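Data block for query_36.pdb (PDB, C-alpha atoms and all ligand atoms):
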ATOM      1  CA  MET A  20     -22.586  53.552  32.942
ATOM      2  CA  ILE A  21     -25.290  51.250  31.524
ATOM      3  CA  LYS A  22     -25.475  49.935  27.987
ATOM      4  CA  ILE A  23     -28.435  47.831  26.940
ATOM      5  CA  ASP A  24     -27.818  46.121  23.650
ATOM      6  CA  ASN A  25     -30.789  44.723  21.761
ATOM      7  CA  ILE A  26     -32.282  42.700  24.603
ATOM      8  CA  VAL A  27     -35.223  40.360  24.387
ATOM      9  CA  HIS A  28     -37.022  39.062  27.452
ATOM     10  CA  LYS A  29     -39.616  36.310  27.416
ATOM     11  CA  TYR A  30     -41.775  35.072  30.287
ATOM     12  CA  THR A  31     -43.180  31.576  30.297
ATOM     13  CA  VAL A  32     -46.947  31.694  30.557
ATOM     14  CA  TRP A  33     -49.038  28.596  31.309
ATOM     15  CA  ASP A  34     -52.325  28.659  29.410
ATOM     16  CA  ASP A  35     -53.394  25.525  31.304
ATOM     17  CA  GLU A  36     -51.624  22.728  33.215
ATOM     18  CA  ASN A  37     -50.114  21.254  30.058
ATOM     19  CA  THR A  38     -49.737  24.156  27.683
ATOM     20  CA  LYS A  39     -47.066  26.720  28.090
ATOM     21  CA  ASN A  40     -46.299  29.652  25.895
ATOM     22  CA  GLU A  41     -43.564  32.191  25.687
ATOM     23  CA  LYS A  42     -44.571  35.797  25.934
ATOM     24  CA  VAL A  43     -42.101  38.348  24.560
ATOM     25  CA  VAL A  44     -42.157  41.306  26.939
ATOM     26  CA  LEU A  45     -39.010  43.151  25.861
ATOM     27  CA  ASP A  46     -38.500  42.994  22.144
ATOM     28  CA  GLY A  47     -35.138  44.353  21.022
ATOM     29  CA  ILE A  48     -34.485  47.119  23.537
ATOM     30  CA  SER A  49     -31.277  49.156  23.140
ATOM     31  CA  LEU A  50     -30.457  52.064  25.414
ATOM     32  CA  ASP A  51     -27.384  53.895  26.695
ATOM     33  CA  ILE A  52     -27.569  55.462  30.139
ATOM     34  CA  PRO A  53     -24.465  57.631  30.631
ATOM     35  CA  SER A  54     -23.051  58.246  34.145
ATOM     36  CA  SER A  55     -24.803  60.926  36.212
ATOM     37  CA  THR A  56     -27.808  60.996  33.878
ATOM     38  CA  PHE A  57     -31.343  61.409  35.185
ATOM     39  CA  MET A  58     -33.306  59.119  32.907
ATOM     40  CA  ALA A  59     -37.047  58.681  33.158
ATOM     41  CA  ILE A  60     -38.931  55.726  31.732
ATOM     42  CA  LEU A  61     -42.627  56.121  31.039
ATOM     43  CA  GLY A  62     -45.189  53.953  29.347
ATOM     44  CA  PRO A  63     -48.588  52.323  29.811
ATOM     45  CA  ASN A  64     -49.232  49.380  32.147
ATOM     46  CA  GLY A  65     -47.646  46.191  30.905
ATOM     47  CA  SER A  66     -45.262  47.925  28.504
ATOM     48  CA  GLY A  67     -42.241  46.224  30.106
ATOM     49  CA  LYS A  68     -40.813  48.985  32.331
ATOM     50  CA  SER A  69     -40.407  46.869  35.479
ATOM     51  CA  THR A  70     -39.038  43.972  33.471
ATOM     52  CA  LEU A  71     -36.434  46.306  31.991
ATOM     53  CA  ALA A  72     -35.606  47.694  35.464
ATOM     54  CA  LYS A  73     -35.004  44.179  36.784
ATOM     55  CA  HIS A  74     -32.365  43.661  34.102
ATOM     56  CA  LEU A  75     -30.374  46.558  35.515
ATOM     57  CA  ASN A  76     -29.419  44.825  38.725
ATOM     58  CA  VAL A  77     -29.543  41.246  37.548
ATOM     59  CA  LEU A  78     -32.885  40.273  39.005
ATOM     60  CA  LEU A  79     -33.465  39.080  35.441
ATOM     61  CA  LEU A  80     -31.130  38.148  32.594
ATOM     62  CA  PRO A  81     -31.964  38.724  28.931
ATOM     63  CA  ASP A  82     -32.927  35.820  26.679
ATOM     64  CA  GLU A  83     -31.135  37.600  23.864
ATOM     65  CA  GLY A  84     -28.825  40.607  23.760
ATOM     66  CA  THR A  85     -26.602  42.007  26.494
ATOM     67  CA  VAL A  86     -26.768  44.428  29.402
ATOM     68  CA  TRP A  87     -23.460  46.046  30.358
ATOM     69  CA  ILE A  88     -23.061  47.766  33.725
ATOM     70  CA  ASP A  89     -19.836  49.751  33.828
ATOM     71  CA  GLY A  90     -18.391  47.435  31.206
ATOM     72  CA  ILE A  91     -19.450  44.229  32.990
ATOM     73  CA  ASN A  92     -21.834  41.862  31.212
ATOM     74  CA  THR A  93     -24.708  41.067  33.613
ATOM     75  CA  ALA A  94     -24.600  37.458  32.402
ATOM     76  CA  ASP A  95     -21.138  37.119  33.978
ATOM     77  CA  VAL A  96     -22.144  35.165  37.102
ATOM     78  CA  ASP A  97     -18.798  35.749  38.841
ATOM     79  CA  LYS A  98     -19.475  39.485  38.840
ATOM     80  CA  LEU A  99     -23.053  39.309  40.145
ATOM     81  CA  TRP A 100     -22.305  41.056  43.469
ATOM     82  CA  ASP A 101     -20.108  43.716  41.834
ATOM     83  CA  ILE A 102     -23.028  44.632  39.596
ATOM     84  CA  ARG A 103     -25.640  44.452  42.329
ATOM     85  CA  SER A 104     -23.617  46.885  44.444
ATOM     86  CA  GLN A 105     -23.341  49.343  41.532
ATOM     87  CA  VAL A 106     -27.086  49.521  40.960
ATOM     88  CA  GLY A 107     -29.474  50.046  43.878
ATOM     89  CA  MET A 108     -33.202  49.456  43.504
ATOM     90  CA  VAL A 109     -36.177  51.175  45.105
ATOM     91  CA  PHE A 110     -39.591  49.649  44.492
ATOM     92  CA  GLN A 111     -43.177  50.842  44.528
ATOM     93  CA  ASN A 112     -44.283  49.429  47.863
ATOM     94  CA  PRO A 113     -41.970  50.647  50.648
ATOM     95  CA  ASP A 114     -43.281  48.032  53.098
ATOM     96  CA  ASN A 115     -41.855  45.245  50.957
ATOM     97  CA  GLN A 116     -38.284  46.508  51.227
ATOM     98  CA  ILE A 117     -38.113  47.261  54.953
ATOM     99  CA  ILE A 118     -36.612  44.554  57.159
ATOM    100  CA  GLY A 119     -35.091  46.217  60.224
ATOM    101  CA  THR A 120     -36.879  46.859  63.515
ATOM    102  CA  SER A 121     -35.379  50.344  63.638
ATOM    103  CA  VAL A 122     -34.543  52.787  60.863
ATOM    104  CA  GLU A 123     -30.787  52.460  61.427
ATOM    105  CA  GLU A 124     -30.911  48.660  61.612
ATOM    106  CA  ASP A 125     -32.742  48.613  58.330
ATOM    107  CA  VAL A 126     -29.973  50.540  56.570
ATOM    108  CA  ALA A 127     -27.264  48.477  58.314
ATOM    109  CA  PHE A 128     -28.749  45.212  57.055
ATOM    110  CA  GLY A 129     -27.129  45.271  53.581
ATOM    111  CA  PRO A 130     -23.591  46.249  54.744
ATOM    112  CA  GLU A 131     -23.790  43.680  57.586
ATOM    113  CA  ASN A 132     -24.562  40.993  55.040
ATOM    114  CA  LYS A 133     -21.391  41.946  53.200
ATOM    115  CA  ASN A 134     -19.413  41.482  56.451
ATOM    116  CA  MET A 135     -18.355  45.089  56.567
ATOM    117  CA  GLU A 136     -16.520  46.186  59.746
ATOM    118  CA  SER A 137     -18.937  47.582  62.336
ATOM    119  CA  SER A 138     -17.226  50.990  62.615
ATOM    120  CA  LYS A 139     -17.515  51.383  58.830
ATOM    121  CA  ILE A 140     -21.165  50.311  58.958
ATOM    122  CA  ARG A 141     -21.893  52.990  61.571
ATOM    123  CA  THR A 142     -20.286  55.697  59.429
ATOM    124  CA  LEU A 143     -22.086  54.483  56.312
ATOM    125  CA  VAL A 144     -25.488  54.284  58.029
ATOM    126  CA  GLU A 145     -25.053  57.800  59.400
ATOM    127  CA  SER A 146     -24.089  59.177  56.007
ATOM    128  CA  CYS A 147     -26.995  57.437  54.208
ATOM    129  CA  LEU A 148     -29.576  58.529  56.769
ATOM    130  CA  LYS A 149     -28.318  62.121  56.748
ATOM    131  CA  ARG A 150     -28.466  62.245  52.955
ATOM    132  CA  VAL A 151     -32.128  61.214  52.930
ATOM    133  CA  GLY A 152     -32.986  63.403  55.942
ATOM    134  CA  LEU A 153     -33.852  60.570  58.345
ATOM    135  CA  TRP A 154     -30.936  60.765  60.807
ATOM    136  CA  GLN A 155     -33.198  62.166  63.543
ATOM    137  CA  LYS A 156     -35.505  59.157  63.098
ATOM    138  CA  ARG A 157     -32.743  56.539  63.325
ATOM    139  CA  LYS A 158     -34.041  54.889  66.534
ATOM    140  CA  GLU A 159     -37.667  54.758  65.411
ATOM    141  CA  SER A 160     -39.486  51.745  64.088
ATOM    142  CA  PRO A 161     -39.861  51.957  60.287
ATOM    143  CA  THR A 162     -43.532  51.092  60.732
ATOM    144  CA  ARG A 163     -44.035  54.522  62.333
ATOM    145  CA  LEU A 164     -42.720  56.379  59.279
ATOM    146  CA  SER A 165     -44.971  58.119  56.771
ATOM    147  CA  GLY A 166     -45.130  56.811  53.192
ATOM    148  CA  GLY A 167     -42.666  59.432  51.948
ATOM    149  CA  GLN A 168     -40.284  58.713  54.819
ATOM    150  CA  LYS A 169     -40.491  54.980  54.085
ATOM    151  CA  GLN A 170     -39.470  55.617  50.476
ATOM    152  CA  ARG A 171     -36.614  57.787  51.728
ATOM    153  CA  LEU A 172     -35.594  54.875  53.960
ATOM    154  CA  GLY A 173     -35.759  52.574  50.925
ATOM    155  CA  THR A 174     -33.452  55.031  49.172
ATOM    156  CA  ALA A 175     -31.064  55.017  52.164
ATOM    157  CA  ASP A 176     -31.034  51.193  51.971
ATOM    158  CA  ALA A 177     -30.077  51.470  48.301
ATOM    159  CA  LEU A 178     -27.403  54.099  49.097
ATOM    160  CA  ALA A 179     -25.864  51.756  51.676
ATOM    161  CA  GLY A 180     -24.697  49.608  48.760
ATOM    162  CA  VAL A 181     -22.641  52.656  47.646
ATOM    163  CA  PRO A 182     -24.203  52.497  44.195
ATOM    164  CA  LYS A 183     -23.332  54.570  41.135
ATOM    165  CA  CYS A 184     -26.896  54.205  39.909
ATOM    166  CA  ILE A 185     -30.299  53.952  41.577
ATOM    167  CA  VAL A 186     -33.225  52.472  39.687
ATOM    168  CA  MET A 187     -36.584  53.522  41.099
ATOM    169  CA  ASP A 188     -39.639  51.618  39.945
ATOM    170  CA  GLU A 189     -42.659  53.865  40.583
ATOM    171  CA  PRO A 190     -41.381  55.012  43.982
ATOM    172  CA  THR A 191     -44.186  57.548  44.286
ATOM    173  CA  ALA A 192     -47.112  55.409  43.115
ATOM    174  CA  MET A 193     -48.462  54.836  46.626
ATOM    175  CA  LEU A 194     -47.769  58.328  47.969
ATOM    176  CA  ASP A 195     -49.876  61.453  48.450
ATOM    177  CA  PRO A 196     -48.864  64.604  46.513
ATOM    178  CA  GLU A 197     -46.749  66.088  49.348
ATOM    179  CA  ALA A 198     -44.852  62.833  49.906
ATOM    180  CA  ARG A 199     -44.355  62.519  46.151
ATOM    181  CA  LYS A 200     -42.662  65.912  46.089
ATOM    182  CA  GLU A 201     -40.458  64.896  49.034
ATOM    183  CA  VAL A 202     -39.234  61.786  47.222
ATOM    184  CA  ILE A 203     -38.759  63.537  43.882
ATOM    185  CA  ARG A 204     -36.747  66.300  45.603
ATOM    186  CA  LEU A 205     -34.470  63.639  47.103
ATOM    187  CA  ILE A 206     -34.000  61.959  43.720
ATOM    188  CA  HIS A 207     -33.018  65.327  42.206
ATOM    189  CA  ASP A 208     -30.554  66.052  45.019
ATOM    190  CA  LEU A 209     -28.849  62.692  44.660
ATOM    191  CA  ASN A 210     -28.551  63.213  40.923
ATOM    192  CA  LYS A 211     -27.559  66.882  40.803
ATOM    193  CA  ASN A 212     -25.443  67.120  43.962
ATOM    194  CA  GLU A 213     -23.875  63.682  44.117
ATOM    195  CA  GLY A 214     -23.859  62.697  40.453
ATOM    196  CA  ILE A 215     -25.694  59.419  41.089
ATOM    197  CA  THR A 216     -27.228  58.070  37.897
ATOM    198  CA  ILE A 217     -31.001  57.853  38.305
ATOM    199  CA  VAL A 218     -33.411  55.710  36.345
ATOM    200  CA  LEU A 219     -36.916  56.729  37.378
ATOM    201  CA  ILE A 220     -39.917  54.726  36.241
ATOM    202  CA  THR A 221     -43.138  56.618  36.737
ATOM    203  CA  HIS A 222     -46.624  57.267  35.414
ATOM    204  CA  HIS A 223     -46.484  60.899  36.554
ATOM    205  CA  THR A 224     -45.350  63.131  33.708
ATOM    206  CA  ASP A 225     -44.964  66.063  36.107
ATOM    207  CA  GLU A 226     -42.110  64.242  37.884
ATOM    208  CA  VAL A 227     -39.877  64.117  34.859
ATOM    209  CA  ALA A 228     -39.719  67.721  33.627
ATOM    210  CA  ASP A 229     -36.118  67.941  34.905
ATOM    211  CA  ALA A 230     -34.974  64.615  33.499
ATOM    212  CA  ASP A 231     -32.050  64.644  31.062
ATOM    213  CA  GLN A 232     -33.767  62.031  28.922
ATOM    214  CA  ILE A 233     -37.216  60.508  28.757
ATOM    215  CA  VAL A 234     -37.757  57.083  27.275
ATOM    216  CA  LEU A 235     -41.262  56.086  26.229
ATOM    217  CA  MET A 236     -42.068  52.386  26.134
ATOM    218  CA  LYS A 237     -44.984  50.534  24.606
ATOM    219  CA  GLU A 238     -45.549  46.792  24.217
ATOM    220  CA  GLY A 239     -41.920  45.900  24.845
ATOM    221  CA  HIS A 240     -40.465  48.513  22.509
ATOM    222  CA  ILE A 241     -38.959  51.943  22.938
ATOM    223  CA  ILE A 242     -41.210  54.203  20.893
ATOM    224  CA  GLY A 243     -39.609  57.536  21.767
ATOM    225  CA  LYS A 244     -36.553  59.024  23.430
ATOM    226  CA  GLY A 245     -35.534  62.614  23.952
ATOM    227  CA  THR A 246     -35.386  65.583  26.286
ATOM    228  CA  PRO A 247     -38.584  66.475  28.172
ATOM    229  CA  MET A 248     -39.127  69.331  25.723
ATOM    230  CA  GLU A 249     -38.774  67.036  22.707
ATOM    231  CA  ILE A 250     -41.072  64.396  24.193
ATOM    232  CA  PHE A 251     -43.746  66.712  25.577
ATOM    233  CA  SER A 252     -44.003  68.728  22.395
ATOM    234  CA  ASN A 253     -44.691  65.545  20.439
ATOM    235  CA  LYS A 254     -48.401  65.088  21.192
ATOM    236  CA  GLU A 255     -48.764  62.232  18.707
ATOM    237  CA  LEU A 256     -46.052  60.280  20.520
ATOM    238  CA  LEU A 257     -47.655  60.986  23.909
ATOM    239  CA  ARG A 258     -50.985  59.754  22.612
ATOM    240  CA  ALA A 259     -49.351  56.609  21.190
ATOM    241  CA  ALA A 260     -47.807  55.918  24.606
ATOM    242  CA  LYS A 261     -51.157  56.733  26.286
ATOM    243  CA  MET A 262     -49.443  59.441  28.315
ATOM    244  CA  ASP A 263     -51.153  62.478  29.732
ATOM    245  CA  ILE A 264     -49.882  65.817  28.604
ATOM    246  CA  PRO A 265     -48.328  67.354  31.755
ATOM    247  CA  PRO A 266     -50.524  70.163  33.160
ATOM    248  CA  ARG A 267     -47.725  72.738  32.798
ATOM    249  CA  VAL A 268     -47.263  71.904  29.127
ATOM    250  CA  GLU A 269     -51.014  72.186  28.574
ATOM    251  CA  LEU A 270     -51.087  75.529  30.388
ATOM    252  CA  GLY A 271     -48.186  76.766  28.229
ATOM    253  CA  ASP A 272     -50.080  75.693  25.081
ATOM    254  CA  LYS A 273     -53.245  77.473  26.246
ATOM    255  CA  LEU A 274     -51.333  80.672  27.099
ATOM    256  CA  ARG A 275     -49.629  80.684  23.688
ATOM    257  CA  GLU A 276     -53.004  80.101  21.994
ATOM    258  CA  ALA A 277     -54.289  83.132  23.913
ATOM    259  CA  GLY A 278     -51.389  85.174  22.553
ATOM    260  CA  ILE A 279     -49.259  85.144  25.733
ATOM    261  CA  PRO A 280     -45.726  84.278  24.570
ATOM    262  CA  VAL A 281     -44.596  81.733  27.192
ATOM    263  CA  PRO A 282     -41.533  79.890  25.815
ATOM    264  CA  GLU A 283     -42.071  76.181  25.027
ATOM    265  CA  SER A 284     -38.928  75.335  26.971
ATOM    266  CA  ILE A 285     -40.651  76.095  30.295
ATOM    267  CA  LEU A 286     -41.692  72.806  31.843
ATOM    268  CA  THR A 287     -41.387  73.318  35.589
ATOM    269  CA  GLU A 288     -43.852  74.951  37.959
ATOM    270  CA  GLU A 289     -41.337  77.446  39.367
ATOM    271  CA  LYS A 290     -40.142  78.634  35.950
ATOM    272  CA  MET A 291     -43.732  78.883  34.705
ATOM    273  CA  LYS A 292     -44.724  81.000  37.712
ATOM    274  CA  SER A 293     -41.831  83.421  37.336
ATOM    275  CA  GLU A 294     -42.294  83.708  33.563
ATOM    276  CA  ILE A 295     -46.022  84.508  33.933
ATOM    277  CA  LEU A 296     -45.115  87.051  36.597
ATOM    278  CA  ARG A 297     -42.425  88.574  34.404
ATOM    279  CA  LEU A 298     -44.821  88.848  31.452
ATOM    280  CA  TYR A 299     -47.511  90.305  33.690
ATOM    281  CA  ASN A 300     -45.171  92.935  35.099
ATOM    282  CA  GLU A 301     -43.816  93.714  31.643
ATOM    283  CA  THR A 302     -47.352  94.283  30.321
ATOM    284  CA  LYS A 303     -48.468  96.351  33.293
ATOM    285  CA  GLY A 304     -45.146  98.115  33.534
ATOM    286  CA  LYS A 305     -45.435  98.030  37.316
ATOM    287  CA  GLY A 306     -43.175  95.323  38.681
ATOM    288  CA  GLU A 307     -45.236  94.945  41.809
ATOM    289  CA  ALA A 308     -47.171  91.693  41.353
ATOM    290  CA  THR A 309     -46.125  88.669  43.388
ATOM    291  CA  CYS A 310     -47.168  85.027  43.429
TER     292      CYS A 310
HETATM  293  N1  LIG A 401     -43.375  36.921  36.139
HETATM  294  C1  LIG A 401     -44.128  37.114  35.063
HETATM  295  N2  LIG A 401     -44.623  36.062  34.365
HETATM  296  C2  LIG A 401     -45.374  36.251  33.256
HETATM  297  N3  LIG A 401     -45.687  37.466  32.740
HETATM  298  C3  LIG A 401     -45.230  38.523  33.395
HETATM  299  C4  LIG A 401     -44.425  38.426  34.592
HETATM  300  N4  LIG A 401     -44.109  39.667  35.019
HETATM  301  C5  LIG A 401     -44.687  40.517  34.149
HETATM  302  N5  LIG A 401     -45.350  39.835  33.189
HETATM  303  C6  LIG A 401     -46.058  40.429  32.025
HETATM  304  O1  LIG A 401     -45.104  41.131  31.269
HETATM  305  C7  LIG A 401     -45.645  42.331  30.733
HETATM  306  C8  LIG A 401     -44.776  43.500  31.170
HETATM  307  O2  LIG A 401     -44.837  43.611  32.572
HETATM  308  P1  LIG A 401     -44.086  44.730  33.383
HETATM  309  O3  LIG A 401     -44.404  44.513  34.813
HETATM  310  O4  LIG A 401     -42.657  44.751  32.986
HETATM  311  O5  LIG A 401     -44.801  46.053  32.831
HETATM  312  P2  LIG A 401     -44.803  47.538  33.415
HETATM  313  O6  LIG A 401     -44.578  48.433  32.250
HETATM  314  O7  LIG A 401     -43.878  47.632  34.564
HETATM  315  O8  LIG A 401     -46.315  47.702  33.898
HETATM  316  P3  LIG A 401     -46.914  48.573  35.122
HETATM  317  O9  LIG A 401     -46.972  49.990  34.637
HETATM  318  O10 LIG A 401     -48.274  47.981  35.324
HETATM  319  O11 LIG A 401     -46.019  48.395  36.317
HETATM  320  C9  LIG A 401     -47.064  42.408  31.249
HETATM  321  O12 LIG A 401     -47.912  41.923  30.241
HETATM  322  C10 LIG A 401     -47.072  41.483  32.439
HETATM  323  O13 LIG A 401     -48.338  40.909  32.639
HETATM  324 MG    MG A 402     -44.110  48.086  36.599
END
As a first step, turn the structure in this file into structure tokens.
Ligand SMILES: Nc1ncnc2c1ncn2[C@@H]1O[C@H](COP(=O)(O)OP(=O)(O)OP(=O)(O)O)[C@@H](O)[C@H]1O
Ligand SMILES: [Mg+2]
Amino acid sequence: MIKIDNIVHKYTVWDDENTKNEKVVLDGISLDIPSSTFMAILGPNGSGKSTLAKHLNVLLLPDEGTVWIDGINTADVDKLWDIRSQVGMVFQNPDNQIIGTSVEEDVAFGPENKNMESSKIRTLVESCLKRVGLWQKRKESPTRLSGGQKQRLGTADALAGVPKCIVMDEPTAMLDPEARKEVIRLIHDLNKNEGITIVLITHHTDEVADADQIVLMKEGHIIGKGTPMEIFSNKELLRAAKMDIPPRVELGDKLREAGIPVPESILTEEKMKSEILRLYNETKGKGEATC
């Protein structure tokens, strides 16, 4: 789906009125993102995650190297709109991406701009709003939505482009824990049930336990790539990327240290709960404990 081949990105920085410098922010990044993958990108502030994300729907072009989206080079100006429609973006601040005065108008905005027939727009808006669970709210003003609902609306806006891939740049950063779960659940559904490729940028390690691949970035480089189990078991790498060890991984480590044999492969809350319960029941030989 996406192939990033050795890209370099430089920003021009003005030290004062007369002196400008080039700052290398992505320094030889290569990455393959196969179709239907759930890929998570983590890394400290300023490591280049958002800059990389902007290359995926041609908000930026590389200074060196190439980004291919479904075989199309993003530098091919004639194909700009083809690429943009393949890759939807959802950003951190939901208020910045909402334009419509009602929820349904907001989703209709993109298709209307492409001169789509109005009957098709209606069908598309209905489908997008149903998929994100906002159909009942279609007549409401977006300003009345909660933070989680606003991010779901942002996702519906992205879906209205009929994308194969959605890139989400810290979509949960401004949300409370419940709203975060709501958005993460939606991301999982779109990936697992509809096969939409997801690139999720986040600082929350607990949101990426189900990712197919995690990429760790630091200072414009990729310093690690692997499954959640590979990444989270590599404490040195996590420290280098200034990442927290996810609470579930830490709990697993503590339980193993205490002689309770929880498998290292358990990274999600649900699986951890049922495994602890299973071990408890096995030890007690009762089978009657519940969470
Ligand atoms: N338009 C710009 N002009 C100059 N420098 C920029 C610009 N945008 C970003 N930068 C710099 O590029 C580097 C990478 O920024 P980027 O926003 O890609 O990082 P990030 O990993 O997304 O960080 P965060 O976790 O804070 O969102 C930072 O040092 C940032 O200050
Ligand atoms: Mg960023």
Check the smallest atom-to-atom distance from each of A:Lys39, A:His74, A:Arg171, A:His222 to ligand LIG 401 (chain A) using only C-alpha atoms and all ligand atoms, then report the winner.
A:His222
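For the structure in this document, the set picked by the PyMOL selection byres (((chain A and resi 126) around 9) and not hetatm) is Ile117, Ile118, Gly119, Ser121, Val122, Glu123, Glu124, Asp125, Ala127, Phe128, Gly129, Pro130, Leu143, Val144, Cys147, Leu148, Leu172, Gly173, Ala175, Asp176, Ala177, Leu178 and Ala179 of chain A.
Interatomic distance, CA of Lys169 (chain A) against atom O11 of ligand LIG 401 (chain A): 19.7 Å.
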Show me which residues sit within 10 Å of ligand LIG 401 (chain A) when counting only C-alpha atoms and all ligand atoms, and put them as an NGL selection string.
:A and (28-33 or 40-45 or 60-73 or 111 or 188-189 or 192 or 220-222 or 236-239)
Kindly export the residues of the current selection with C-alpha atoms, as a short mmCIF file (atom, residue, chain, number, x, y, z; two decimals), in the frame of the given file.
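Resulting contents of part.cif:
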data_model
loop_
_atom_site.label_atom_id
_atom_site.label_comp_id
_atom_site.auth_asym_id
_atom_site.auth_seq_id
_atom_site.Cartn_x
_atom_site.Cartn_y
_atom_site.Cartn_z
CA HIS A 28 -37.02 39.06 27.45
CA LYS A 29 -39.62 36.31 27.42
CA TYR A 30 -41.78 35.07 30.29
CA THR A 31 -43.18 31.58 30.30
CA VAL A 32 -46.95 31.69 30.56
CA TRP A 33 -49.04 28.60 31.31
CA ASN A 40 -46.30 29.65 25.90
CA GLU A 41 -43.56 32.19 25.69
CA LYS A 42 -44.57 35.80 25.93
CA VAL A 43 -42.10 38.35 24.56
CA VAL A 44 -42.16 41.31 26.94
CA LEU A 45 -39.01 43.15 25.86
CA ILE A 60 -38.93 55.73 31.73
CA LEU A 61 -42.63 56.12 31.04
CA GLY A 62 -45.19 53.95 29.35
CA PRO A 63 -48.59 52.32 29.81
CA ASN A 64 -49.23 49.38 32.15
CA GLY A 65 -47.65 46.19 30.90
CA SER A 66 -45.26 47.92 28.50
CA GLY A 67 -42.24 46.22 30.11
CA LYS A 68 -40.81 48.98 32.33
CA SER A 69 -40.41 46.87 35.48
CA THR A 70 -39.04 43.97 33.47
CA LEU A 71 -36.43 46.31 31.99
CA ALA A 72 -35.61 47.69 35.46
CA LYS A 73 -35.00 44.18 36.78
CA GLN A 111 -43.18 50.84 44.53
CA ASP A 188 -39.64 51.62 39.94
CA GLU A 189 -42.66 53.86 40.58
CA ALA A 192 -47.11 55.41 43.12
CA ILE A 220 -39.92 54.73 36.24
CA THR A 221 -43.14 56.62 36.74
CA HIS A 222 -46.62 57.27 35.41
CA MET A 236 -42.07 52.39 26.13
CA LYS A 237 -44.98 50.53 24.61
CA GLU A 238 -45.55 46.79 24.22
CA GLY A 239 -41.92 45.90 24.84
#
For the PyMOL selection byres (((chain A and resi 85-98) around 7) and not hetatm), applied here, can you spell out every residue it catches as a PyMOL selection string?
chain A and resi 20-26+77+80-81+83-84+99-102
Go ahead and dump the residues you just picked, C-alpha atoms, as a CSV table (one decimal), in the frame of the given file.
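The file below, result-v1.csv, is the result:
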chain,number,residue,atom,x,y,z
A,20,MET,CA,-22.6,53.6,32.9
A,21,ILE,CA,-25.3,51.2,31.5
A,22,LYS,CA,-25.5,49.9,28.0
A,23,ILE,CA,-28.4,47.8,26.9
A,24,ASP,CA,-27.8,46.1,23.6
A,25,ASN,CA,-30.8,44.7,21.8
A,26,ILE,CA,-32.3,42.7,24.6
A,77,VAL,CA,-29.5,41.2,37.5
A,80,LEU,CA,-31.1,38.1,32.6
A,81,PRO,CA,-32.0,38.7,28.9
A,83,GLU,CA,-31.1,37.6,23.9
A,84,GLY,CA,-28.8,40.6,23.8
A,99,LEU,CA,-23.1,39.3,40.1
A,100,TRP,CA,-22.3,41.1,43.5
A,101,ASP,CA,-20.1,43.7,41.8
A,102,ILE,CA,-23.0,44.6,39.6
Expansion of the PyMOL selection byres (((chain A and resi 295) around 12) and not hetatm) into residues, as a JSON list (two decimals) with C-alpha atoms, in the coordinates of the input:
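Contents of the output file expr_32.json:
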[["chain", "number", "residue", "atom", "x", "y", "z"],
["A", 267, "ARG", "CA", -47.72, 72.74, 32.80],
["A", 270, "LEU", "CA", -51.09, 75.53, 30.39],
["A", 271, "GLY", "CA", -48.19, 76.77, 28.23],
["A", 274, "LEU", "CA", -51.33, 80.67, 27.10],
["A", 275, "ARG", "CA", -49.63, 80.68, 23.69],
["A", 279, "ILE", "CA", -49.26, 85.14, 25.73],
["A", 280, "PRO", "CA", -45.73, 84.28, 24.57],
["A", 281, "VAL", "CA", -44.60, 81.73, 27.19],
["A", 282, "PRO", "CA", -41.53, 79.89, 25.82],
["A", 285, "ILE", "CA", -40.65, 76.10, 30.30],
["A", 288, "GLU", "CA", -43.85, 74.95, 37.96],
["A", 289, "GLU", "CA", -41.34, 77.45, 39.37],
["A", 290, "LYS", "CA", -40.14, 78.63, 35.95],
["A", 291, "MET", "CA", -43.73, 78.88, 34.70],
["A", 292, "LYS", "CA", -44.72, 81.00, 37.71],
["A", 293, "SER", "CA", -41.83, 83.42, 37.34],
["A", 294, "GLU", "CA", -42.29, 83.71, 33.56],
["A", 296, "LEU", "CA", -45.12, 87.05, 36.60],
["A", 297, "ARG", "CA", -42.42, 88.57, 34.40],
["A", 298, "LEU", "CA", -44.82, 88.85, 31.45],
["A", 299, "TYR", "CA", -47.51, 90.30, 33.69],
["A", 300, "ASN", "CA", -45.17, 92.94, 35.10],
["A", 301, "GLU", "CA", -43.82, 93.71, 31.64],
["A", 302, "THR", "CA", -47.35, 94.28, 30.32],
["A", 308, "ALA", "CA", -47.17, 91.69, 41.35],
["A", 309, "THR", "CA", -46.12, 88.67, 43.39],
["A", 310, "CYS", "CA", -47.17, 85.03, 43.43]]
Surrounding residues of Ser165 (chain A) excluding itself and chain neighbours under 2 positions, 12 Å, all atoms listed in the file, as a list in words
Pro113, Asp114, Leu153, Lys156, Glu159, Ser160, Pro161, Thr162, Arg163, Gly167, Gln168, Lys169, Gln170, Arg171, Leu172, Met193, Leu194, Asp195, Glu197, Ala198, Arg199, Glu201 and Val202 of chain A
Which value, in Å to one decimal, gives the distance between CA of Glu131 (chain A) and CA of Cys184 (chain A)?
20.8 Å
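You can rank A:Phe251, A:Lys303, A:Arg141, A:Gly107 by their closest distance to Arg157 (chain A) using all atoms listed in the file, and at the top of that list sits A:Arg141.
Counting from CA of Ser146 (chain A), the distance to CA of Leu164 (chain A) is 19.1 Å.
The nearest approach to Ala259 (chain A) among the residues A:Ile52, A:Arg150, A:Leu235, A:Asp272, with only C-alpha atoms taken into account, belongs to A:Leu235.
Considering all atoms listed in the file, the residue among A:Met187, A:Ile241, A:Ile203, A:Ile215 positioned nearest to ligand MG 402 (chain A) is A:Met187.
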So, counting all atoms listed in the file, which residue among A:Leu219, A:Ile140, A:Val27, A:Met58 is closest to ligand MG 402 (chain A)?
A:Leu219
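When only C-alpha atoms and all ligand atoms are used to compute distances to ligand MG 402 (chain A), the closest of the residues A:Asn112, A:Glu136, A:Ser55, A:Pro265 turns out to be A:Asn112.
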